[in-house]
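*Asks:* Structure incoming, see below.
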Amino acid sequence: NAKNHRIEANAFYHPSMQAETERRLDLVRNLRSDFLQRRLQLWFQPQIELGTGRLVGVEALLRWPQADGSFIAPDIFIPLAEYSGLILDIGHWVLEQACQAMNEIAGDVCDDFRMAVNVSVPQFRQNNFAGEVAEVLARHQVPAQRLEVEITESIVMDDPNLVARVLQQLKAQGVRIAIDDFGVGFSSLSYVQRLPLDKLKIDREFVRSAHTHSGAVIIETIINMGHRLGLQTLAEGIETEAQADYFRQLQVQQAQGYLYAKAMNLEALRAYVAANPCV
Ligand code: C2E
Ligand code: MG
Ligand code: MG
Ligand code: MG
């Protein structure tokens, strides 16, 4: 983008910059090869109905394990996957894995349970993203109602008209749309009424600032707006009972966070849903 360009053009050459570039290229090479060797994993984090404690969904989250047992964080490798174009193949794989996982747990979860999948800008710019989603769902015989697509503001900003069109197509199939990390960007309010959204996910940063006066004002404004627009609301990054109580009192329907569970692999998810079956 233009800003980075300017910085690069004006910057003095420094060996550490070349080292940084090489480190990134290395990461992309490793990511491509690990993806092709099926070493990426899709993990799942529960989403809980605040009023009842019921399991109402999971968010699918990519994990990239390393030989030493550590993981490279998605915040590091997702941008590289986007930049390199790898995210198209990885994103397709994520959809496939999410559908497979959905089928494995469908017997234990409630009818309104949803599998949430994060989607990146390049996926939206593909020729026929909504068609690809429909094809994968149909092949796995997963009802579209089971799928929730999470988009961020960067997607919306990229090409608002294209995004609105693709979201309408997804929505027409029955797929649900959540807006992720809500409130972090600068233009959230202008598009929220123009897109066919179902859910607003309140960013973890706001959740963390709930104990301050200005934090509470912002959170309560976001929630109020969500309610008045008829959107579901979910609080991200809930770590304490006090936070859960706070959002419950504000009539936020759902929560996700370490208080309930961290992301887990499919095997652990199977055990989790079996231990928390729909009643
Ligand atoms: P996100 O979509 O906002 O996902 C929520 C992130 O918050 C996850 O980080 C999750 O592990 C973390 N989290 C959840 N509850 C808590 C909590 O109580 N405390 C704290 N400290 N953190 C919590 P993760 O898995 O590292 O993912 C980071 C980001 O990477 C995601 O943010 C999403 O934007 C992106 N990402 C992950 N998987 C995918 C994917 O399959 N496709 C795409 N395009 N992006 C992905
Ligand atoms: Mg998300
Ligand atoms: Mg989020
Ligand atoms: Mg995030």
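In the structure tokens, the first chain shown is A, the next is B, and so on; residue numbers restart at 1 for each chain, and ligands run from 1 in the order shown.
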Using only C-alpha atoms and all ligand atoms, which residues have at least one atom no more than 8 Å from ligand 4? Output them as a list in words.

*Replies:*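 Result of the 8 Å neighbour search around ligand 4: Asp75, Asp180, Asp181, Asp203 and Arg204 of chain A.
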
*Asks:* Let me see the file: selected residues, all heavy atoms, as an mmCIF file, in the first residue's frame.

*Replies:*
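Full text of again_8.cif as output:
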```
data_model
loop_
_atom_site.group_PDB
_atom_site.id
_atom_site.type_symbol
_atom_site.label_atom_id
_atom_site.label_comp_id
_atom_site.auth_asym_id
_atom_site.auth_seq_id
_atom_site.Cartn_x
_atom_site.Cartn_y
_atom_site.Cartn_z
ATOM 1 N N ASP A 75 -1.561 -14.614 14.145
ATOM 2 C CA ASP A 75 -1.349 -13.192 13.875
ATOM 3 C C ASP A 75 -0.040 -12.961 13.112
ATOM 4 O O ASP A 75 0.121 -11.941 12.461
ATOM 5 C CB ASP A 75 -1.343 -12.383 15.183
ATOM 6 C CG ASP A 75 -2.751 -12.265 15.759
ATOM 7 O OD1 ASP A 75 -3.716 -12.261 14.967
ATOM 8 O OD2 ASP A 75 -2.880 -12.203 16.993
ATOM 9 N N ASP A 180 -16.193 -9.522 13.003
ATOM 10 C CA ASP A 180 -15.200 -9.886 14.018
ATOM 11 C C ASP A 180 -14.473 -8.642 14.506
ATOM 12 O O ASP A 180 -14.383 -7.650 13.789
ATOM 13 C CB ASP A 180 -14.188 -10.827 13.353
ATOM 14 C CG ASP A 180 -13.481 -11.737 14.341
ATOM 15 O OD1 ASP A 180 -13.666 -11.570 15.550
ATOM 16 O OD2 ASP A 180 -12.741 -12.614 13.869
ATOM 17 N N ASP A 181 -13.940 -8.709 15.727
ATOM 18 C CA ASP A 181 -13.099 -7.626 16.260
ATOM 19 C C ASP A 181 -13.799 -6.285 16.148
ATOM 20 O O ASP A 181 -13.178 -5.263 15.819
ATOM 21 C CB ASP A 181 -11.750 -7.553 15.508
ATOM 22 C CG ASP A 181 -11.010 -8.875 15.530
ATOM 23 O OD1 ASP A 181 -11.319 -9.698 16.411
ATOM 24 O OD2 ASP A 181 -10.139 -9.083 14.681
ATOM 25 N N ASP A 203 -14.642 -6.818 20.307
ATOM 26 C CA ASP A 203 -13.225 -7.169 20.378
ATOM 27 C C ASP A 203 -12.731 -7.294 21.809
ATOM 28 O O ASP A 203 -13.151 -6.577 22.714
ATOM 29 C CB ASP A 203 -12.387 -6.143 19.625
ATOM 30 C CG ASP A 203 -10.967 -6.636 19.438
ATOM 31 O OD1 ASP A 203 -10.783 -7.587 18.655
ATOM 32 O OD2 ASP A 203 -10.053 -6.119 20.107
ATOM 33 N N ARG A 204 -11.785 -8.201 21.976
ATOM 34 C CA ARG A 204 -11.164 -8.473 23.272
ATOM 35 C C ARG A 204 -10.561 -7.229 23.917
ATOM 36 O O ARG A 204 -10.562 -7.098 25.139
ATOM 37 C CB ARG A 204 -10.102 -9.551 23.046
ATOM 38 C CG ARG A 204 -9.261 -9.916 24.210
ATOM 39 C CD ARG A 204 -8.788 -11.367 24.058
ATOM 40 N NE ARG A 204 -8.232 -11.639 22.737
ATOM 41 C CZ ARG A 204 -6.923 -11.542 22.459
ATOM 42 N NH1 ARG A 204 -6.071 -11.181 23.389
ATOM 43 N NH2 ARG A 204 -6.473 -11.824 21.257
#
```

*Asks:* Set the distance at 8 Å and use only C-alpha atoms: which residues neighbour Ala116 in chain A once local chain neighbours fewer than 4 positions away are removed? I'd like the list as a list in words.

*Replies:*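 Those residues are Gly57, Val58, Glu59, Ala60, Leu147, Glu148, Val149 and Glu150 of chain A.
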
*Asks:* Would you list the residues that come within 12 Å of ligand 2? Count only C-alpha atoms and all ligand atoms and give the answer as a PyMOL selection string.

*Replies:* chain A and resi 44-47+58-62+74-75+115-120+148-153+177-182+199-204+234-237+256-257+263

*Asks:* Pick out each residue of range 1-228 of chain A that DSSP on the backbone tags as alpha helix (DSSP H); I need them as an MDAnalysis selection string.

*Replies:* chainID A and resid 2:10 15:36 74:84 87:105 121:125 129:140 153:158 160:173 188:192 204:208 213:228

*Asks:* Tell me which protein, DNA and RNA residues are within 10 Å of Arg194 in chain A, counting only C-alpha atoms, leaving out same-chain ones fewer than 2 positions away, and put them as JSON, numbers by chain.

*Replies:* {"A": [160, 161, 164, 189, 190, 191, 192, 196, 197]}

*Asks:* So the first atom is CA of Leu80 in chain A and the second is CA of Gln168 in chain A; what is the distance between them in Å, to one decimal place?

*Replies:*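 Taking CA of Leu80 in chain A as the start and CA of Gln168 in chain A as the end point, the length is 28.4 Å.
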
*Asks:* Near Asp108 in chain A, within 12 Å and counting only C-alpha atoms, which residues show up once chain neighbours fewer than 6 positions away are dropped, as a list in words?

*Replies:*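 Residues meeting the cut-off are Leu55, Val56, Gly57, Met102, Leu269, Arg270, Ala271, Tyr272, Val273, Ala274, Ala275, Asn276, Pro277, Cys278 and Val279 of chain A.
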
*Asks:* With N, CA and C atoms retained, could you export that selection as a compact mmCIF listing (two decimals), in the first residue's frame?

*Replies:*
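Below is the file part_34.txt, written as the result:
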```
# COMPACT_ATOMS: atom_id res chain seq x y z
N LEU A 55 -23.70 -24.56 25.07
CA LEU A 55 -22.74 -24.49 23.96
C LEU A 55 -23.50 -24.16 22.68
N VAL A 56 -23.21 -23.00 22.07
CA VAL A 56 -23.99 -22.60 20.89
C VAL A 56 -23.15 -22.55 19.61
N GLY A 57 -21.85 -22.81 19.76
CA GLY A 57 -21.03 -22.82 18.55
C GLY A 57 -19.57 -23.00 18.90
N MET A 102 -17.74 -30.52 11.77
CA MET A 102 -19.15 -30.30 12.04
C MET A 102 -19.91 -31.62 11.99
N LEU A 269 -12.32 -31.64 21.08
CA LEU A 269 -13.66 -31.08 20.86
C LEU A 269 -14.72 -32.18 20.94
N ARG A 270 -14.41 -33.33 20.36
CA ARG A 270 -15.35 -34.45 20.43
C ARG A 270 -15.68 -34.78 21.89
N ALA A 271 -14.64 -34.83 22.72
CA ALA A 271 -14.85 -35.12 24.14
C ALA A 271 -15.64 -33.99 24.81
N TYR A 272 -15.33 -32.75 24.41
CA TYR A 272 -16.00 -31.59 25.00
C TYR A 272 -17.50 -31.61 24.71
N VAL A 273 -17.88 -31.85 23.45
CA VAL A 273 -19.31 -31.84 23.12
C VAL A 273 -20.01 -33.06 23.72
N ALA A 274 -19.28 -34.16 23.80
CA ALA A 274 -19.88 -35.34 24.42
C ALA A 274 -20.17 -35.09 25.90
N ALA A 275 -19.31 -34.28 26.53
CA ALA A 275 -19.50 -33.95 27.95
C ALA A 275 -20.51 -32.82 28.14
N ASN A 276 -20.80 -32.07 27.07
CA ASN A 276 -21.77 -30.96 27.13
C ASN A 276 -22.82 -31.13 26.04
N PRO A 277 -23.55 -32.25 26.05
CA PRO A 277 -24.49 -32.51 24.96
C PRO A 277 -25.69 -31.57 25.04
N CYS A 278 -26.38 -31.42 23.92
CA CYS A 278 -27.55 -30.55 23.89
C CYS A 278 -28.65 -31.16 24.75
N VAL A 279 -29.29 -30.30 25.57
CA VAL A 279 -30.39 -30.80 26.39
C VAL A 279 -31.67 -30.07 26.05
```

*Asks:* Run DSSP on the backbone and tell me which residues of range 143-176 of chain A come out as strand (DSSP E or B); list them as a PDB file with N, CA, C and O atoms, in the first residue's frame.

*Replies:*
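Generated output (out-v4.pdb):
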```
ATOM      1  N   LEU A 147     -23.126 -22.932   9.250  1.00  0.00           N
ATOM      2  CA  LEU A 147     -21.883 -22.182   9.015  1.00  0.00           C
ATOM      3  C   LEU A 147     -22.079 -20.699   9.319  1.00  0.00           C
ATOM      4  O   LEU A 147     -23.080 -20.092   8.936  1.00  0.00           O
ATOM      5  N   GLU A 148     -21.086 -20.156  10.006  1.00  0.00           N
ATOM      6  CA  GLU A 148     -21.035 -18.715  10.228  1.00  0.00           C
ATOM      7  C   GLU A 148     -19.696 -18.215   9.700  1.00  0.00           C
ATOM      8  O   GLU A 148     -18.656 -18.769  10.050  1.00  0.00           O
ATOM      9  N   VAL A 149     -19.748 -17.214   8.849  1.00  0.00           N
ATOM     10  CA  VAL A 149     -18.525 -16.638   8.295  1.00  0.00           C
ATOM     11  C   VAL A 149     -18.166 -15.400   9.105  1.00  0.00           C
ATOM     12  O   VAL A 149     -19.009 -14.537   9.331  1.00  0.00           O
ATOM     13  N   GLU A 150     -16.910 -15.339   9.581  1.00  0.00           N
ATOM     14  CA  GLU A 150     -16.456 -14.159  10.333  1.00  0.00           C
ATOM     15  C   GLU A 150     -15.628 -13.259   9.422  1.00  0.00           C
ATOM     16  O   GLU A 150     -14.636 -13.703   8.847  1.00  0.00           O
ATOM     17  N   ILE A 151     -16.057 -12.037   9.312  1.00  0.00           N
ATOM     18  CA  ILE A 151     -15.294 -11.075   8.508  1.00  0.00           C
ATOM     19  C   ILE A 151     -14.809  -9.943   9.409  1.00  0.00           C
ATOM     20  O   ILE A 151     -15.385  -9.670  10.460  1.00  0.00           O
ATOM     21  N   ARG A 176     -24.590 -17.680   7.934  1.00  0.00           N
ATOM     22  CA  ARG A 176     -24.681 -16.500   8.804  1.00  0.00           C
ATOM     23  C   ARG A 176     -23.391 -15.696   8.741  1.00  0.00           C
ATOM     24  O   ARG A 176     -22.335 -16.231   8.461  1.00  0.00           O
TER      25      ARG A 176
END
```

*Asks:* So that I can see what lies close to Gln253 in chain A, please list as a short mmCIF file (atom, residue, chain, number, x, y, z; two decimals) with N, CA, C and O atoms, in the first residue's frame the residues with an atom at most 6 Å from it, counting only C-alpha atoms and leaving out residues fewer than 5 positions away in the same chain.

*Replies:*
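Everything below was put into around_9.cif:
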```cif
data_model
loop_
_atom_site.label_atom_id
_atom_site.label_comp_id
_atom_site.auth_asym_id
_atom_site.auth_seq_id
_atom_site.Cartn_x
_atom_site.Cartn_y
_atom_site.Cartn_z
N GLU A 49 -23.67 -19.57 25.38
CA GLU A 49 -24.79 -18.65 25.60
C GLU A 49 -24.72 -18.17 27.05
O GLU A 49 -24.75 -18.98 27.98
N LEU A 50 -24.61 -16.84 27.22
CA LEU A 50 -24.36 -16.31 28.56
C LEU A 50 -25.49 -16.57 29.54
O LEU A 50 -25.26 -16.83 30.72
N THR A 233 -25.06 -10.39 19.75
CA THR A 233 -23.78 -9.87 20.21
C THR A 233 -23.02 -10.98 20.92
O THR A 233 -23.61 -11.85 21.57
#
```

*Asks:* Which residues are close to range 223-226 of chain A, i.e. within 9 Å by only C-alpha atoms, leaving aside same-chain residues fewer than 2 positions away? Reply as a PyMOL selection string.

*Replies:* chain A and resi 199-200+202+218-221+228-233+250-252

*Asks:* Check the smallest atom-to-atom distance from each of A:Ala67, A:Ile90, A:Glu205, A:Leu25 to ligand 3 using only C-alpha atoms and all ligand atoms, then report the winner.

*Replies:*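 When distances to ligand 3 are compared using only C-alpha atoms and all ligand atoms, the smallest one comes from A:Glu205.
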
*Asks:* Quick one: distance from CA of Glu267 in chain A to atom 36 (N, counted along the ligand's line) of ligand 1 in Å, one decimal?

*Replies:*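 That distance, rounded to one decimal, is 20.1 Å.
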
*Asks:* Please determine, counting only C-alpha atoms and all ligand atoms, which residue among A:Phe77, A:Phe247, A:Phe129, A:Phe206 has the shortest atom-to-atom distance to ligand 3.

*Replies:* A:Phe206

*Asks:* Give the answer as one residue: which of A:Ser154, A:Gly69, A:Gly51, A:Leu31 has the shortest atom-to-atom distance to Gln249 in chain A, using only C-alpha atoms?

*Replies:* A:Gly51
